[in-house]
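File shown here: data-v4.pdb, holding PDB, C-alpha atoms and all ligand atoms.
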ATOM      1  CA  MET A   1      -7.541  -6.236 -29.400  1.00  0.00           C
ATOM      2  CA  GLU A   2      -9.304  -7.578 -26.381  1.00  0.00           C
ATOM      3  CA  THR A   3     -12.723  -8.970 -27.110  1.00  0.00           C
ATOM      4  CA  SER A   4     -15.688  -8.433 -24.862  1.00  0.00           C
ATOM      5  CA  SER A   5     -15.636 -12.109 -23.889  1.00  0.00           C
ATOM      6  CA  GLU A   6     -12.045 -11.747 -22.639  1.00  0.00           C
ATOM      7  CA  ARG A   7     -13.146  -8.784 -20.581  1.00  0.00           C
ATOM      8  CA  ALA A   8     -16.204 -10.437 -19.159  1.00  0.00           C
ATOM      9  CA  PRO A   9     -14.785 -12.826 -16.553  1.00  0.00           C
ATOM     10  CA  LEU A  10     -12.858 -10.181 -14.584  1.00  0.00           C
ATOM     11  CA  ALA A  11     -15.777  -7.742 -14.639  1.00  0.00           C
ATOM     12  CA  GLU A  12     -18.114 -10.536 -13.600  1.00  0.00           C
ATOM     13  CA  ARG A  13     -15.854 -11.491 -10.704  1.00  0.00           C
ATOM     14  CA  VAL A  14     -15.742  -7.887  -9.528  1.00  0.00           C
ATOM     15  CA  GLU A  15     -19.548  -7.650  -9.772  1.00  0.00           C
ATOM     16  CA  GLU A  16     -19.809 -10.773  -7.613  1.00  0.00           C
ATOM     17  CA  LEU A  17     -17.305  -9.369  -5.135  1.00  0.00           C
ATOM     18  CA  LEU A  18     -19.292  -6.126  -4.796  1.00  0.00           C
ATOM     19  CA  ALA A  19     -22.721  -7.764  -4.630  1.00  0.00           C
ATOM     20  CA  PRO A  20     -22.907  -8.236  -0.829  1.00  0.00           C
ATOM     21  CA  GLY A  21     -22.003  -4.555  -0.197  1.00  0.00           C
ATOM     22  CA  GLY A  22     -19.873  -3.259   2.652  1.00  0.00           C
ATOM     23  CA  PRO A  23     -16.168  -3.892   3.207  1.00  0.00           C
ATOM     24  CA  LEU A  24     -14.567  -6.578   1.018  1.00  0.00           C
ATOM     25  CA  PRO A  25     -12.752  -9.574   2.516  1.00  0.00           C
ATOM     26  CA  ILE A  26      -9.000  -8.943   2.631  1.00  0.00           C
ATOM     27  CA  VAL A  27      -6.749 -11.639   1.184  1.00  0.00           C
ATOM     28  CA  ALA A  28      -3.949 -12.804   3.494  1.00  0.00           C
ATOM     29  CA  ALA A  29      -0.350 -13.764   2.748  1.00  0.00           C
ATOM     30  CA  GLY A  30      -0.188 -17.243   1.283  1.00  0.00           C
ATOM     31  CA  ASP A  31      -2.725 -16.508  -1.435  1.00  0.00           C
ATOM     32  CA  PRO A  32      -0.982 -16.582  -4.838  1.00  0.00           C
ATOM     33  CA  VAL A  33      -2.853 -13.457  -5.984  1.00  0.00           C
ATOM     34  CA  LEU A  34      -0.531 -11.476  -3.679  1.00  0.00           C
ATOM     35  CA  ARG A  35       2.511 -12.966  -5.428  1.00  0.00           C
ATOM     36  CA  ARG A  36       1.523 -12.362  -9.040  1.00  0.00           C
ATOM     37  CA  ALA A  37       2.213  -9.184 -10.974  1.00  0.00           C
ATOM     38  CA  ALA A  38      -1.136  -7.480 -11.425  1.00  0.00           C
ATOM     39  CA  VAL A  39      -2.345  -6.739 -14.947  1.00  0.00           C
ATOM     40  CA  PRO A  40      -2.274  -3.104 -16.120  1.00  0.00           C
ATOM     41  CA  PHE A  41      -5.721  -1.532 -15.992  1.00  0.00           C
ATOM     42  CA  ASP A  42      -6.915  -0.926 -19.519  1.00  0.00           C
ATOM     43  CA  GLY A  43     -10.662  -0.598 -19.309  1.00  0.00           C
ATOM     44  CA  GLN A  44     -11.344  -4.155 -18.125  1.00  0.00           C
ATOM     45  CA  LEU A  45     -13.960  -2.622 -15.817  1.00  0.00           C
ATOM     46  CA  ALA A  46     -16.458  -0.210 -17.389  1.00  0.00           C
ATOM     47  CA  PRO A  47     -16.413   3.288 -15.809  1.00  0.00           C
ATOM     48  CA  GLY A  48     -19.420   2.641 -13.566  1.00  0.00           C
ATOM     49  CA  LEU A  49     -18.028  -0.636 -12.281  1.00  0.00           C
ATOM     50  CA  LEU A  50     -14.575   0.887 -11.792  1.00  0.00           C
ATOM     51  CA  ALA A  51     -16.132   3.671  -9.711  1.00  0.00           C
ATOM     52  CA  ARG A  52     -18.006   1.125  -7.575  1.00  0.00           C
ATOM     53  CA  PHE A  53     -14.863  -0.978  -7.171  1.00  0.00           C
ATOM     54  CA  VAL A  54     -12.808   2.043  -6.098  1.00  0.00           C
ATOM     55  CA  ALA A  55     -15.545   3.012  -3.628  1.00  0.00           C
ATOM     56  CA  ALA A  56     -15.448  -0.533  -2.201  1.00  0.00           C
ATOM     57  CA  LEU A  57     -11.656  -0.358  -1.856  1.00  0.00           C
ATOM     58  CA  ARG A  58     -12.043   2.899   0.055  1.00  0.00           C
ATOM     59  CA  VAL A  59     -14.693   1.466   2.376  1.00  0.00           C
ATOM     60  CA  THR A  60     -12.522  -1.604   2.981  1.00  0.00           C
ATOM     61  CA  MET A  61      -9.380   0.450   3.664  1.00  0.00           C
ATOM     62  CA  ARG A  62     -11.211   2.712   6.116  1.00  0.00           C
ATOM     63  CA  ALA A  63     -12.905  -0.196   7.890  1.00  0.00           C
ATOM     64  CA  ALA A  64      -9.658  -2.137   8.351  1.00  0.00           C
ATOM     65  CA  PRO A  65      -8.388   0.535   9.136  1.00  0.00           C
ATOM     66  CA  GLY A  66      -5.401   1.062   6.846  1.00  0.00           C
ATOM     67  CA  VAL A  67      -3.673   3.842   4.925  1.00  0.00           C
ATOM     68  CA  GLY A  68      -3.605   2.020   1.605  1.00  0.00           C
ATOM     69  CA  LEU A  69      -5.131  -0.964  -0.167  1.00  0.00           C
ATOM     70  CA  ALA A  70      -4.185  -2.582  -3.464  1.00  0.00           C
ATOM     71  CA  ALA A  71      -6.646  -4.477  -5.659  1.00  0.00           C
ATOM     72  CA  PRO A  72      -4.813  -7.823  -5.275  1.00  0.00           C
ATOM     73  CA  GLN A  73      -5.506  -7.562  -1.529  1.00  0.00           C
ATOM     74  CA  VAL A  74      -9.172  -8.130  -2.322  1.00  0.00           C
ATOM     75  CA  GLY A  75      -8.299 -10.813  -4.858  1.00  0.00           C
ATOM     76  CA  VAL A  76      -8.416  -8.656  -7.992  1.00  0.00           C
ATOM     77  CA  GLY A  77      -5.217  -8.770 -10.053  1.00  0.00           C
ATOM     78  CA  LEU A  78      -5.446  -5.284 -11.564  1.00  0.00           C
ATOM     79  CA  ARG A  79      -2.943  -2.450 -11.119  1.00  0.00           C
ATOM     80  CA  ILE A  80      -5.239  -0.291  -8.998  1.00  0.00           C
ATOM     81  CA  ALA A  81      -4.658   0.919  -5.434  1.00  0.00           C
ATOM     82  CA  VAL A  82      -6.129   3.478  -3.079  1.00  0.00           C
ATOM     83  CA  ILE A  83      -4.348   5.485  -0.405  1.00  0.00           C
ATOM     84  CA  GLU A  84      -5.509   7.803   2.383  1.00  0.00           C
ATOM     85  CA  ASP A  85      -3.929   8.764   5.672  1.00  0.00           C
ATOM     86  CA  PRO A  86      -5.539  11.217   8.088  1.00  0.00           C
ATOM     87  CA  ALA A  87      -2.273  10.858  10.078  1.00  0.00           C
ATOM     88  CA  PRO A  88      -3.676  11.166  13.602  1.00  0.00           C
ATOM     89  CA  VAL A  89      -0.227  11.050  15.202  1.00  0.00           C
ATOM     90  CA  PRO A  90       1.663  13.094  17.824  1.00  0.00           C
ATOM     91  CA  GLU A  91       3.756  16.000  16.574  1.00  0.00           C
ATOM     92  CA  GLU A  92       7.059  14.197  17.261  1.00  0.00           C
ATOM     93  CA  VAL A  93       5.982  11.204  15.159  1.00  0.00           C
ATOM     94  CA  ARG A  94       4.857  13.563  12.418  1.00  0.00           C
ATOM     95  CA  ARG A  95       8.258  15.248  12.427  1.00  0.00           C
ATOM     96  CA  VAL A  96      10.485  12.159  12.663  1.00  0.00           C
ATOM     97  CA  ARG A  97       8.527   9.946  10.257  1.00  0.00           C
ATOM     98  CA  GLY A  98       7.281  12.675   7.962  1.00  0.00           C
ATOM     99  CA  ARG A  99       3.812  11.360   8.573  1.00  0.00           C
ATOM    100  CA  VAL A 100       1.718  14.137   7.119  1.00  0.00           C
ATOM    101  CA  ALA A 101      -1.903  13.806   6.077  1.00  0.00           C
ATOM    102  CA  GLN A 102      -2.440  12.178   2.689  1.00  0.00           C
ATOM    103  CA  PRO A 103      -5.842  12.831   1.112  1.00  0.00           C
ATOM    104  CA  PHE A 104      -7.702   9.981  -0.572  1.00  0.00           C
ATOM    105  CA  ARG A 105      -6.163   9.084  -3.930  1.00  0.00           C
ATOM    106  CA  VAL A 106      -6.638   6.397  -6.532  1.00  0.00           C
ATOM    107  CA  LEU A 107      -3.476   5.082  -8.188  1.00  0.00           C
ATOM    108  CA  VAL A 108      -3.968   3.355 -11.537  1.00  0.00           C
ATOM    109  CA  ASN A 109      -0.992   1.622 -13.173  1.00  0.00           C
ATOM    110  CA  PRO A 110       1.461   3.283 -10.778  1.00  0.00           C
ATOM    111  CA  SER A 111       5.202   2.806 -10.869  1.00  0.00           C
ATOM    112  CA  TYR A 112       7.891   4.580  -8.872  1.00  0.00           C
ATOM    113  CA  THR A 113      11.545   5.461  -9.094  1.00  0.00           C
ATOM    114  CA  PRO A 114      13.717   6.746  -6.233  1.00  0.00           C
ATOM    115  CA  VAL A 115      14.577  10.444  -6.166  1.00  0.00           C
ATOM    116  CA  GLY A 116      18.060  10.901  -4.727  1.00  0.00           C
ATOM    117  CA  THR A 117      19.789   8.362  -2.512  1.00  0.00           C
ATOM    118  CA  ALA A 118      18.332   9.096   0.938  1.00  0.00           C
ATOM    119  CA  ARG A 119      16.633   6.194   2.655  1.00  0.00           C
ATOM    120  CA  ALA A 120      14.210   6.006   5.568  1.00  0.00           C
ATOM    121  CA  ALA A 121      13.593   2.991   7.809  1.00  0.00           C
ATOM    122  CA  PHE A 122      10.523   2.576  10.019  1.00  0.00           C
ATOM    123  CA  PHE A 123       8.169  -0.098  11.292  1.00  0.00           C
ATOM    124  CA  GLU A 124       5.562  -0.909   8.693  1.00  0.00           C
ATOM    125  CA  GLY A 125       2.651  -3.326   8.558  1.00  0.00           C
ATOM    126  CA  CYS A 126       0.267  -4.771   5.991  1.00  0.00           C
ATOM    127  CA  LEU A 127      -3.422  -5.644   6.129  1.00  0.00           C
ATOM    128  CA  SER A 128      -2.556  -8.901   4.327  1.00  0.00           C
ATOM    129  CA  VAL A 129      -0.030  -9.852   7.052  1.00  0.00           C
ATOM    130  CA  PRO A 130      -2.161  -9.287  10.135  1.00  0.00           C
ATOM    131  CA  GLY A 131      -0.621  -9.171  13.575  1.00  0.00           C
ATOM    132  CA  TYR A 132       2.921  -8.155  12.687  1.00  0.00           C
ATOM    133  CA  GLN A 133       5.129  -5.223  11.784  1.00  0.00           C
ATOM    134  CA  ALA A 134       8.736  -5.028  10.622  1.00  0.00           C
ATOM    135  CA  VAL A 135      11.214  -2.293   9.796  1.00  0.00           C
ATOM    136  CA  VAL A 136      11.593  -1.586   6.098  1.00  0.00           C
ATOM    137  CA  SER A 137      14.284   0.651   4.626  1.00  0.00           C
ATOM    138  CA  ARG A 138      12.925   2.480   1.584  1.00  0.00           C
ATOM    139  CA  PRO A 139      13.895   5.393  -0.629  1.00  0.00           C
ATOM    140  CA  ALA A 140      12.917   8.533   1.291  1.00  0.00           C
ATOM    141  CA  GLU A 141      11.563  10.202  -1.829  1.00  0.00           C
ATOM    142  CA  VAL A 142      10.100   8.730  -5.000  1.00  0.00           C
ATOM    143  CA  ARG A 143       8.672   9.894  -8.271  1.00  0.00           C
ATOM    144  CA  LEU A 144       5.350   8.196  -8.948  1.00  0.00           C
ATOM    145  CA  THR A 145       3.913   7.966 -12.458  1.00  0.00           C
ATOM    146  CA  GLY A 146       0.693   6.381 -13.675  1.00  0.00           C
ATOM    147  CA  GLN A 147      -2.894   7.527 -13.925  1.00  0.00           C
ATOM    148  CA  ASP A 148      -5.789   8.433 -11.692  1.00  0.00           C
ATOM    149  CA  GLU A 149      -9.221   6.784 -11.792  1.00  0.00           C
ATOM    150  CA  ARG A 150     -10.287   9.000 -14.689  1.00  0.00           C
ATOM    151  CA  GLY A 151      -7.245   8.129 -16.765  1.00  0.00           C
ATOM    152  CA  ARG A 152      -5.500  11.460 -16.180  1.00  0.00           C
ATOM    153  CA  ALA A 153      -1.721  11.236 -16.094  1.00  0.00           C
ATOM    154  CA  LEU A 154      -0.102  11.170 -12.683  1.00  0.00           C
ATOM    155  CA  ASP A 155       3.508  12.292 -12.274  1.00  0.00           C
ATOM    156  CA  GLU A 156       4.312  13.395  -8.770  1.00  0.00           C
ATOM    157  CA  GLU A 157       7.032  13.278  -6.141  1.00  0.00           C
ATOM    158  CA  PHE A 158       6.216  11.859  -2.726  1.00  0.00           C
ATOM    159  CA  SER A 159       8.301  12.149   0.435  1.00  0.00           C
ATOM    160  CA  GLY A 160       7.845  11.272   4.104  1.00  0.00           C
ATOM    161  CA  TRP A 161       5.193   8.718   5.068  1.00  0.00           C
ATOM    162  CA  PRO A 162       3.192   9.179   1.849  1.00  0.00           C
ATOM    163  CA  ALA A 163       6.312   8.013  -0.061  1.00  0.00           C
ATOM    164  CA  ARG A 164       6.303   4.840   2.054  1.00  0.00           C
ATOM    165  CA  ILE A 165       2.594   4.279   1.405  1.00  0.00           C
ATOM    166  CA  VAL A 166       2.830   4.628  -2.390  1.00  0.00           C
ATOM    167  CA  GLN A 167       5.862   2.300  -2.499  1.00  0.00           C
ATOM    168  CA  HIS A 168       4.130  -0.316  -0.334  1.00  0.00           C
ATOM    169  CA  GLU A 169       0.963  -0.256  -2.468  1.00  0.00           C
ATOM    170  CA  THR A 170       2.806  -0.220  -5.792  1.00  0.00           C
ATOM    171  CA  ASP A 171       4.915  -3.152  -4.589  1.00  0.00           C
ATOM    172  CA  HIS A 172       1.670  -5.105  -4.037  1.00  0.00           C
ATOM    173  CA  LEU A 173       0.911  -4.665  -7.739  1.00  0.00           C
ATOM    174  CA  ASP A 174       4.257  -6.290  -8.549  1.00  0.00           C
ATOM    175  CA  GLY A 175       3.602  -9.271  -6.258  1.00  0.00           C
ATOM    176  CA  THR A 176       5.969  -7.943  -3.595  1.00  0.00           C
ATOM    177  CA  LEU A 177       5.116  -7.894   0.112  1.00  0.00           C
ATOM    178  CA  TYR A 178       6.800  -5.548   2.580  1.00  0.00           C
ATOM    179  CA  LEU A 179       8.368  -8.572   4.269  1.00  0.00           C
ATOM    180  CA  ASP A 180      10.450  -9.135   1.114  1.00  0.00           C
ATOM    181  CA  ARG A 181      12.170  -5.814   1.846  1.00  0.00           C
ATOM    182  CA  ALA A 182      12.087  -5.933   5.645  1.00  0.00           C
ATOM    183  CA  GLU A 183      14.823  -6.357   8.215  1.00  0.00           C
ATOM    184  CA  LEU A 184      13.532  -9.742   9.361  1.00  0.00           C
ATOM    185  CA  ARG A 185      15.197  -9.453  12.759  1.00  0.00           C
ATOM    186  CA  SER A 186      12.883  -6.502  13.415  1.00  0.00           C
ATOM    187  CA  LEU A 187       9.742  -8.633  12.928  1.00  0.00           C
ATOM    188  CA  SER A 188       7.500  -7.860  15.896  1.00  0.00           C
ATOM    189  CA  THR A 189       3.946  -8.579  16.896  1.00  0.00           C
ATOM    190  CA  GLN A 190       1.586  -5.618  17.039  1.00  0.00           C
ATOM    191  CA  GLN A 191       1.602  -6.059  20.809  1.00  0.00           C
ATOM    192  CA  ALA A 192       5.413  -5.872  20.959  1.00  0.00           C
ATOM    193  CA  VAL A 193       5.419  -2.771  18.765  1.00  0.00           C
ATOM    194  CA  ALA A 194       2.833  -1.129  21.005  1.00  0.00           C
ATOM    195  CA  ALA A 195       4.621  -2.150  24.214  1.00  0.00           C
ATOM    196  CA  ARG A 196       8.250  -1.626  23.188  1.00  0.00           C
ATOM    197  CA  TRP A 197       8.778   0.000  19.808  1.00  0.00           C
ATOM    198  CA  ALA A 198       6.308   2.857  19.658  1.00  0.00           C
ATOM    199  CA  GLN A 199       9.129   5.421  19.613  1.00  0.00           C
ATOM    200  CA  PRO A 200       9.094   7.682  16.547  1.00  0.00           C
ATOM    201  CA  SER A 201      12.336   6.089  15.277  1.00  0.00           C
ATOM    202  CA  PRO A 202      13.327   2.380  15.254  1.00  0.00           C
ATOM    203  CA  GLU A 203      16.847   3.064  16.629  1.00  0.00           C
ATOM    204  CA  ARG A 204      16.207   1.448  19.999  1.00  0.00           C
ATOM    205  CA  ALA A 205      14.612  -1.591  18.319  1.00  0.00           C
ATOM    206  CA  ALA A 206      17.621  -1.888  16.005  1.00  0.00           C
ATOM    207  CA  ARG A 207      20.021  -2.057  18.962  1.00  0.00           C
ATOM    208  CA  ALA A 208      17.875  -4.451  20.995  1.00  0.00           C
ATOM    209  CA  LEU A 209      16.870  -6.813  18.185  1.00  0.00           C
ATOM    210  CA  GLY A 210      20.115  -6.638  16.219  1.00  0.00           C
ATOM    211  CA  PHE A 211      19.351  -5.226  12.800  1.00  0.00           C
ATOM    212  CA  GLY A 212      20.881  -2.462  10.763  1.00  0.00           C
ATOM    213  CA  LEU A 213      19.511   0.939   9.792  1.00  0.00           C
ATOM    214  CA  PRO A 214      20.478   3.000   6.735  1.00  0.00           C
TER     215      PRO A 214
HETATM  216 ZN    ZN A 301       0.114  -4.227   2.251  1.00  0.00          ZN
END
As a first step, turn the structure in this file into structure tokens.
Amino acid sequence: METSSERAPLAERVEELLAPGGPLPIVAAGDPVLRRAAVPFDGQLAPGLLARFVAALRVTMRAAPGVGLAAPQVGVGLRIAVIEDPAPVPEEVRRVRGRVAQPFRVLVNPSYTPVGTARAAFFEGCLSVPGYQAVVSRPAEVRLTGQDERGRALDEEFSGWPARIVQHETDHLDGTLYLDRAELRSLSTQQAVAARWAQPSPERAARALGFGLP
């Protein structure tokens, strides 16, 4: 059994984090919190505080802007992440990348397993690795299990861009960054991606930079 004193420090830290209001500071690569496995959420934050924390994650994700944010990215080592993607992209990008709109969701204690063997490789970035993108090959479809913010069971299959988002965010909770899975020869600045590699598929980048695609 956890005692209230064991619960207190984490809740206190979250209270302190939320006190200023507005978007939370995002932790950048190099901070050990991004390399530790986050602790399963098990009521360490009381319902009211959890709701305020989730709201702060949403504000921070939207302000960045990003399509997902995991608690360790604001320095909190709990298995909680938020995702949301309005997907304001051209039709061709939508088709090739499967980038369809993903409504706001809270993922609590998520884990994923691949469905089938198909893989998809696209440029991907991370708010904790500002300024860069790299191509990551990932399972094209995954089954995600866990809970939502109210503790209701989550068991759902994701495909297309939403599958990439839930894998990226769940990986954060395991201390994994997208660069660990990336084709490092594809590593490009945001400016290079915008200038050269904005095509819906990374095929041209793969030929020019010399990396493989699935
Ligand atoms: Zn990230």
Inset, instruction - Write out as a count of residues only each polymer residue whose atoms come within 10 Å of region 205-214 of chain A, counting only C-alpha atoms; drop sequence neighbours fewer than 4 positions from it. - result: 22
Legend entry - Shortest interatomic distance to Pro202 (chain A) - which of A:Ala56, A:Leu24, A:Ala64, A:Val96, counting only C-alpha atoms: A:Val96
Legend entry - Target residues per the PyMOL selection byres (((chain A and resi 106) around 7) and not hetatm), formatted as a PyMOL selection string: chain A and resi 81-83+105+107-108+148-149
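What the PyMOL selection byres (((not hetatm)) within 7 of (chain A and resi 301)) matches in the given file is Leu69, Gly125, Cys126, Leu127, Ser128, His168, Glu169, His172, Leu177 and Tyr178 of chain A.
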Legend entry - Explicit residues for the PyMOL selection byres (((chain A and resi 67) around 6) and not hetatm) (as a PyMOL selection string): chain A and resi 66+68+83-85
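Residue neighbourhood of Ser159 (chain A), excluding near-sequence residues (fewer than 3 positions): Ala140, Glu141 and Ala163 of chain A, at 6 Å, using only C-alpha atoms.
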Inset, instruction - Figure out the distance between CA of Arg62 (chain A) and CA of Arg95 (chain A), please, to one decimal in Å. - result: 24.0 Å
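Ranking A:Ala19, A:Val129, A:Ile80, A:Leu49 by their shortest atom-to-atom distance to Asp31 (chain A), with only C-alpha atoms included, puts A:Val129 first.
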Edge lengths and centre in Å to one decimal, as JSON, is what I'm after for the box along x, y and z that holds all listed atoms of region 23-39 of chain A once 4 Å is added on each side.
{"center_x": -6.8, "center_y": -10.6, "center_z": -5.7, "size_x": 26.7, "size_y": 21.4, "size_z": 26.4}
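CA of Val27 (chain A) lies 15.4 Å from CA of Tyr132 (chain A).
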Hey, could you patch up region 177-193 of chain A with N, CA, C and O atoms and hand it over as a compact mmCIF listing (two decimals), in the coordinates of the input?
# COMPACT_ATOMS: atom_id res chain seq x y z
N LEU A 177 5.62 -8.26 -1.22
CA LEU A 177 5.12 -7.89 0.11
C LEU A 177 6.21 -7.15 0.87
O LEU A 177 7.40 -7.34 0.61
N TYR A 178 5.80 -6.34 1.84
CA TYR A 178 6.80 -5.55 2.58
C TYR A 178 7.83 -6.44 3.26
O TYR A 178 8.98 -6.04 3.45
N LEU A 179 7.42 -7.67 3.61
CA LEU A 179 8.37 -8.57 4.27
C LEU A 179 9.55 -8.90 3.37
O LEU A 179 10.65 -9.21 3.86
N ASP A 180 9.35 -8.86 2.05
CA ASP A 180 10.45 -9.14 1.11
C ASP A 180 11.57 -8.10 1.27
O ASP A 180 12.71 -8.35 0.90
N ARG A 181 11.20 -6.91 1.74
CA ARG A 181 12.17 -5.81 1.85
C ARG A 181 12.54 -5.52 3.30
O ARG A 181 13.31 -4.60 3.57
N ALA A 182 11.96 -6.28 4.22
CA ALA A 182 12.09 -5.93 5.64
C ALA A 182 13.39 -6.45 6.25
O ALA A 182 13.98 -7.41 5.77
N GLU A 183 13.79 -5.81 7.34
CA GLU A 183 14.82 -6.36 8.22
C GLU A 183 14.12 -7.42 9.04
O GLU A 183 13.37 -7.11 9.98
N LEU A 184 14.35 -8.70 8.73
CA LEU A 184 13.53 -9.74 9.36
C LEU A 184 13.77 -9.83 10.86
O LEU A 184 12.88 -10.24 11.62
N ARG A 185 14.95 -9.42 11.32
CA ARG A 185 15.20 -9.45 12.76
C ARG A 185 14.34 -8.43 13.51
O ARG A 185 14.22 -8.49 14.73
N SER A 186 13.75 -7.50 12.77
CA SER A 186 12.88 -6.50 13.42
C SER A 186 11.45 -7.01 13.56
O SER A 186 10.63 -6.38 14.23
N LEU A 187 11.13 -8.14 12.93
CA LEU A 187 9.74 -8.63 12.93
C LEU A 187 9.19 -8.69 14.34
O LEU A 187 9.78 -9.32 15.23
N SER A 188 8.08 -8.01 14.56
CA SER A 188 7.50 -7.86 15.90
C SER A 188 6.00 -7.99 15.81
O SER A 188 5.38 -7.57 14.82
N THR A 189 5.41 -8.57 16.85
CA THR A 189 3.95 -8.58 16.90
C THR A 189 3.45 -7.15 17.12
O THR A 189 4.18 -6.29 17.62
N GLN A 190 2.18 -6.94 16.78
CA GLN A 190 1.59 -5.62 17.04
C GLN A 190 1.71 -5.27 18.52
O GLN A 190 1.95 -4.12 18.88
N GLN A 191 1.53 -6.30 19.37
CA GLN A 191 1.60 -6.06 20.81
C GLN A 191 3.01 -5.61 21.21
O GLN A 191 3.17 -4.71 22.04
N ALA A 192 4.04 -6.25 20.64
CA ALA A 192 5.41 -5.87 20.96
C ALA A 192 5.71 -4.46 20.46
O ALA A 192 6.39 -3.68 21.15
N VAL A 193 5.19 -4.13 19.28
CA VAL A 193 5.42 -2.77 18.76
C VAL A 193 4.78 -1.76 19.70
O VAL A 193 5.39 -0.76 20.08
